[in-house]
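Visitor: Got a file for you: data-v9.txt, compact mmCIF, C-alpha atoms.
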```txt
# COMPACT_ATOMS: atom_id res chain seq x y z
CA MET A 20 76.57 -3.92 -33.01
CA SER A 21 76.51 -3.80 -29.32
CA ARG A 22 75.32 -0.96 -27.20
CA PRO A 23 77.36 0.37 -24.38
CA ALA A 24 76.57 -1.18 -20.97
CA GLY A 25 75.41 2.14 -19.49
CA ARG A 26 72.91 2.63 -22.21
CA ARG A 27 71.56 -0.89 -21.80
CA GLY A 28 71.08 -0.33 -18.07
CA ALA A 29 69.21 2.93 -18.69
CA LEU A 30 66.96 1.23 -21.22
CA LEU A 31 66.31 -1.62 -18.80
CA GLY A 32 65.56 0.88 -16.02
CA ARG A 33 63.02 2.74 -18.23
CA THR A 34 61.41 -0.54 -19.24
CA LEU A 35 61.07 -1.58 -15.60
CA ARG A 36 59.58 1.80 -14.64
CA LEU A 37 57.16 1.62 -17.56
CA GLY A 38 56.22 -1.95 -16.60
CA SER A 39 55.70 -0.88 -12.97
CA LEU A 40 53.49 1.99 -14.08
CA LEU A 41 51.46 -0.32 -16.33
CA LEU A 42 51.13 -2.86 -13.51
CA ALA A 43 50.05 -0.15 -11.05
CA GLY A 44 47.55 1.19 -13.58
CA ALA A 45 46.13 -2.28 -14.21
CA GLY A 46 45.89 -2.89 -10.46
CA SER A 47 44.09 0.42 -10.00
CA LEU A 48 41.64 -0.42 -12.79
CA LEU A 49 41.01 -3.84 -11.26
CA PHE A 50 40.43 -2.27 -7.83
CA LEU A 51 38.07 0.32 -9.36
CA ALA A 52 36.10 -2.38 -11.20
CA LEU A 53 35.75 -4.48 -8.04
CA PHE A 54 34.74 -1.40 -6.05
CA ILE A 55 32.03 -0.51 -8.58
CA LEU A 56 30.70 -4.07 -8.65
CA SER A 57 30.61 -4.36 -4.87
CA SER A 58 29.05 -0.91 -4.63
CA ARG A 59 26.27 -1.95 -7.01
CA ASP A 60 25.73 -5.14 -5.03
CA LEU A 61 25.56 -3.14 -1.81
CA ASP A 62 23.01 -0.78 -3.37
CA ARG A 63 20.86 -3.74 -4.42
CA GLN A 64 21.09 -5.22 -0.93
CA GLN A 65 20.13 -1.91 0.66
CA GLN A 66 17.15 -1.52 -1.68
CA SER A 67 16.06 -5.07 -0.96
CA PHE A 68 16.48 -4.54 2.79
CA GLY A 69 14.59 -1.26 2.61
CA HIS A 70 11.68 -3.03 0.94
CA ALA A 71 11.73 -5.85 3.48
CA ALA A 72 11.95 -3.45 6.43
CA THR A 73 9.06 -1.42 5.02
CA THR A 74 7.00 -4.58 4.55
CA GLU A 75 7.74 -5.74 8.09
CA ALA A 76 6.74 -2.35 9.49
CA TRP A 77 3.51 -2.40 7.47
CA VAL A 78 2.61 -5.91 8.71
CA VAL A 79 3.26 -5.02 12.36
CA HIS A 80 1.29 -1.78 11.98
CA GLN A 81 -1.64 -3.68 10.42
CA LEU A 82 -1.63 -6.14 13.33
CA ALA A 83 -1.82 -3.31 15.88
CA ILE A 84 -4.54 -1.47 13.94
CA GLN A 85 -6.68 -4.59 13.53
CA PHE A 86 -6.32 -5.41 17.22
CA GLN A 87 -7.62 -1.93 18.08
CA LYS A 88 -10.52 -2.31 15.61
CA LEU A 89 -11.55 -5.56 17.29
CA GLN A 90 -11.46 -3.83 20.67
CA ARG A 91 -13.65 -0.98 19.35
CA VAL A 92 -16.23 -3.33 17.84
CA LEU A 93 -16.38 -5.27 21.08
CA ALA A 94 -16.81 -2.00 23.01
CA LEU A 95 -19.71 -1.13 20.69
CA ALA A 96 -21.22 -4.56 21.34
CA GLN A 97 -20.88 -3.86 25.05
CA THR A 98 -22.78 -0.60 24.77
CA GLY A 99 -25.36 -2.36 22.62
CA ALA A 100 -25.83 -5.03 25.30
CA GLY A 101 -27.90 -2.58 27.34
CA GLY A 102 -30.58 -2.46 24.64
CA THR A 103 -29.08 -0.06 22.07
CA ALA A 104 -27.68 -1.98 19.13
CA THR A 105 -24.38 -1.02 17.46
CA ALA A 106 -26.44 -0.24 14.35
CA PRO A 107 -30.04 -1.11 13.57
CA GLY A 108 -30.22 -4.71 12.40
CA THR A 109 -26.53 -5.41 13.14
CA ASP A 110 -25.61 -8.61 14.95
CA PRO A 111 -22.86 -7.69 17.42
CA ALA A 112 -21.45 -11.22 17.29
CA ALA A 113 -21.15 -11.03 13.49
CA ALA A 114 -19.33 -7.70 13.70
CA VAL A 115 -16.94 -9.09 16.34
CA ALA A 116 -16.43 -12.28 14.29
CA ILE A 117 -15.51 -10.29 11.16
CA GLN A 118 -12.95 -8.21 13.05
CA ALA A 119 -11.58 -11.32 14.77
CA ASP A 120 -11.14 -13.03 11.37
CA LEU A 121 -9.29 -9.98 10.09
CA LEU A 122 -7.02 -10.08 13.14
CA TRP A 123 -6.34 -13.79 12.48
CA SER A 124 -5.15 -12.87 8.99
CA ARG A 125 -2.83 -10.18 10.37
CA ILE A 126 -1.37 -12.67 12.86
CA ASP A 127 -0.60 -15.06 10.01
CA LEU A 128 1.01 -12.26 7.97
CA LEU A 129 3.76 -11.94 10.59
CA THR A 130 5.34 -15.13 9.27
CA SER A 131 4.13 -15.26 5.67
CA GLY A 132 6.52 -14.73 2.81
CA PRO A 133 10.20 -13.89 2.42
CA GLU A 134 9.69 -10.18 3.11
CA VAL A 135 8.89 -10.90 6.75
CA GLY A 136 10.96 -14.04 7.24
CA THR A 137 13.25 -12.49 9.84
CA LEU A 138 10.28 -11.01 11.67
CA GLY A 139 8.71 -14.45 12.02
CA ALA A 140 11.94 -15.85 13.45
CA LEU A 141 11.98 -13.43 16.39
CA PRO A 142 10.85 -14.85 19.75
CA GLU A 143 8.75 -11.72 20.37
CA THR A 144 6.75 -12.43 17.22
CA ARG A 145 6.09 -16.03 18.18
CA GLU A 146 5.02 -14.98 21.69
CA VAL A 147 2.56 -12.37 20.44
CA GLN A 148 1.19 -14.75 17.83
CA ALA A 149 0.62 -17.50 20.39
CA ALA A 150 -1.02 -15.17 22.90
CA LEU A 151 -3.34 -13.61 20.31
CA ARG A 152 -4.29 -16.98 18.83
CA HIS A 153 -5.17 -18.28 22.27
CA ALA A 154 -7.27 -15.18 23.05
CA LEU A 155 -9.08 -15.39 19.69
CA GLU A 156 -9.84 -19.09 20.17
CA ARG A 157 -11.45 -18.28 23.52
CA LEU A 158 -13.27 -15.32 21.94
CA GLU A 159 -14.78 -17.59 19.27
CA HIS A 160 -16.44 -19.69 21.99
CA LEU A 161 -18.05 -16.54 23.39
CA LEU A 162 -19.57 -15.38 20.07
CA PRO A 163 -22.98 -17.08 20.52
CA ALA A 164 -23.39 -15.45 23.95
CA ILE A 165 -22.21 -12.11 22.55
CA GLY A 166 -24.85 -12.48 19.83
CA ARG A 167 -27.48 -12.92 22.52
CA GLY A 168 -26.19 -9.75 24.16
CA GLU A 169 -25.08 -11.43 27.39
CA PRO A 170 -23.13 -8.82 29.37
CA ALA A 171 -20.94 -11.45 31.09
CA ALA A 172 -19.73 -12.89 27.75
CA ILE A 173 -19.07 -9.42 26.34
CA ALA A 174 -17.16 -8.45 29.49
CA GLU A 175 -15.12 -11.67 29.35
CA ALA A 176 -14.26 -11.03 25.69
CA GLY A 177 -13.23 -7.49 26.58
CA ALA A 178 -11.03 -8.81 29.39
CA LEU A 179 -9.39 -11.29 26.96
CA LEU A 180 -8.42 -8.43 24.66
CA ALA A 181 -7.45 -6.09 27.48
CA ALA A 182 -5.04 -8.75 28.76
CA GLN A 183 -3.24 -8.66 25.38
CA GLU A 184 -3.30 -4.89 24.89
CA ASP A 185 0.04 -4.14 26.57
CA ALA A 186 1.83 -7.04 24.85
CA VAL A 187 0.56 -6.05 21.39
CA GLY A 188 1.38 -2.38 21.97
CA ARG A 189 4.87 -3.16 23.27
CA TYR A 190 5.53 -5.55 20.39
CA ALA A 191 4.42 -2.99 17.80
CA GLN A 192 6.56 -0.27 19.37
CA ASP A 193 9.60 -2.54 19.61
CA MET A 194 9.33 -3.73 16.02
CA LEU A 195 8.55 -0.33 14.52
CA HIS A 196 11.27 1.54 16.38
CA ARG A 197 14.04 -1.01 16.36
CA ALA A 198 17.14 -0.36 14.31
CA PRO A 199 17.02 -2.43 11.10
CA LYS A 200 20.15 -4.29 12.18
CA ALA A 201 18.44 -5.44 15.39
CA VAL A 202 15.38 -6.72 13.51
CA ARG A 203 17.62 -8.54 11.05
CA ALA A 204 19.95 -10.16 13.60
CA ASP A 205 20.95 -13.64 12.52
```
Please go through the file and, once you have read it, give me the structure as structure tokens.

Guide:
Amino acid sequence: MSRPAGRRGALLGRTLRLGSLLLAGAGSLLFLALFILSSRDLDRQQQSFGHAATTEAWVVHQLAIQFQKLQRVLALAQTGAGGTATAPGTDPAAAVAIQADLLWSRIDLLTSGPEVGTLGALPETREVQAALRHALERLEHLLPAIGRGEPAAIAEAGALLAAQEDAVGRYAQDMLHRAPKAVRAD
């Protein structure tokens, strides 16, 4: 039994519309699935970036704080050079050496680990690291004279740190207030 041609065309038309609807629905589901997967990946990347940016900010902040602590201890040694010690029985050179060692560790943190990898790649970071390392190496040679309370050595050490003060402050401000995209530039 054959169907009339008009009826066959209508049936074919409905089948094509149904197939088009199913294809559009499948395409929409595929798009939705890809959107959800990429959205989840983006969320993970943002969380990971947020952690890295927070870590970088913490490391830069620690560097600036430790630099200021070293300056304060040296200033106390300077006031103690006139005969009043920083604290009874305290060796000013030992106090300066401890703070200098802590600053060394903060300098090294700028390039340690994957959380601060992009920070260590920045030219500003390398410049500040090199300048601070050079100043601390010179400061180490002055420690025996600082321990003896020699005002010239203490003044020279203070001048070494004062020469780095603007660079460290500028670096900390730039890194802490930069847009995350600028810090992470490839």

Visitor: Work out how far apart CA of Ala191 in chain A and CA of Thr144 in chain A are and give it in Å to one decimal.

Guide: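 We find that CA of Ala191 in chain A and CA of Thr144 in chain A lie 9.7 Å from each other.
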
Visitor: What is the CA of Leu89 in chain A-CA of Val115 in chain A distance in Å, reported with one decimal?

Guide: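 For CA of Leu89 in chain A relative to CA of Val115 in chain A, the distance reads 6.5 Å.
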
Visitor: Mind checking which residues fall within 9 Å of Leu180 in chain A, counting only C-alpha atoms, ignoring those fewer than 6 positions away in the same chain, and posting them as a VMD selection string?

Guide: chain A and resid 86 89 to 90 151 154 to 155 158

Visitor: Which residue out of A:Leu93, A:Val187, A:Ala119, A:Ala164 has the minimum interatomic distance to Ala149 in chain A when all atoms listed in the file are used?

Guide: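 Using all atoms listed in the file, Ala149 in chain A sits closest to A:Val187.
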
Visitor: Grab the CA of Gly166 in chain A to CA of Ala116 in chain A distance for me, in Å with one decimal place.

Guide: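 Straight-line distance from CA of Gly166 in chain A to CA of Ala116 in chain A works out to 10.1 Å.
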
Visitor: I want to know what sits within 7 Å of Leu138 in chain A, based on all atoms listed in the file, with residues of the same chain fewer than 5 positions away left out; could you give that as a ChimeraX atom specification?

Guide: /A:75,129-130,144,202

Visitor: Please produce a file of those selected residues containing C-alpha atoms, as a PDB file, in the coordinates of the input.

Guide:
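Dumped to out.pdb:
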```pdb
ATOM      1  CA  GLU A  75       7.740  -5.740   8.090  1.00  0.00           C
ATOM      2  CA  LEU A 129       3.760 -11.940  10.590  1.00  0.00           C
ATOM      3  CA  THR A 130       5.340 -15.130   9.270  1.00  0.00           C
ATOM      4  CA  THR A 144       6.750 -12.430  17.220  1.00  0.00           C
ATOM      5  CA  VAL A 202      15.380  -6.720  13.510  1.00  0.00           C
TER       6      VAL A 202
END
```

Visitor: So, with all atoms listed in the file as the atoms that count, which of A:Ala112, A:Ile165, A:Leu195, A:Leu37 lies closest to Val79 in chain A?

Guide: A:Leu195

Visitor: Set the distance at 12 Å and use all atoms listed in the file: which residues neighbour Ala94 in chain A once local chain neighbours fewer than 2 positions away are removed? I'd like the list as a list in words.

Guide: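 Non-adjacent residues within range: Gln87, Lys88, Leu89, Gln90, Arg91, Val92, Ala96, Gln97, Thr98, Gly99, Ala100, Gly101, Ala104, Thr105, Pro111, Ala112, Ala114, Val115, Ile165, Pro170, Ile173, Ala174, Glu175, Ala176, Gly177, Ala178, Leu180 and Ala181 of chain A.
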
Visitor: Using only C-alpha atoms, which of the listed residues (A:Leu41, A:Glu184, A:Arg189, A:Leu141) sits closest to Gln85 in chain A?

Guide: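 Among A:Leu41, A:Glu184, A:Arg189, A:Leu141, it is A:Glu184 that comes nearest to Gln85 in chain A.
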
Visitor: Excluding Glu143 in chain A and its own-chain neighbours fewer than 3 positions away, which residues fall within 8 Å of it when counting all atoms listed in the file? Please give them as an MDAnalysis selection string.

Guide: chainID A and resid 146:147 190

Visitor: Which residue gives the smallest distance to Gly136 in chain A among A:Val78, A:Asp185, A:Ala83, A:Gly44, with all atoms listed in the file counted?

Guide: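 When distances to Gly136 in chain A are compared using all atoms listed in the file, the smallest one comes from A:Val78.
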
Visitor: So, with all atoms listed in the file as the atoms that count, which of A:His80, A:Arg145, A:His153, A:Glu159 lies closest to Gln192 in chain A?

Guide: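 With all atoms listed in the file as the atom set, the closest residue is A:His80.
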
Visitor: Would you mind telling me which residue in A:Arg157, A:Trp123, A:Leu162, A:Pro142 lies nearest to Asp110 in chain A when using only C-alpha atoms?

Guide: A:Leu162
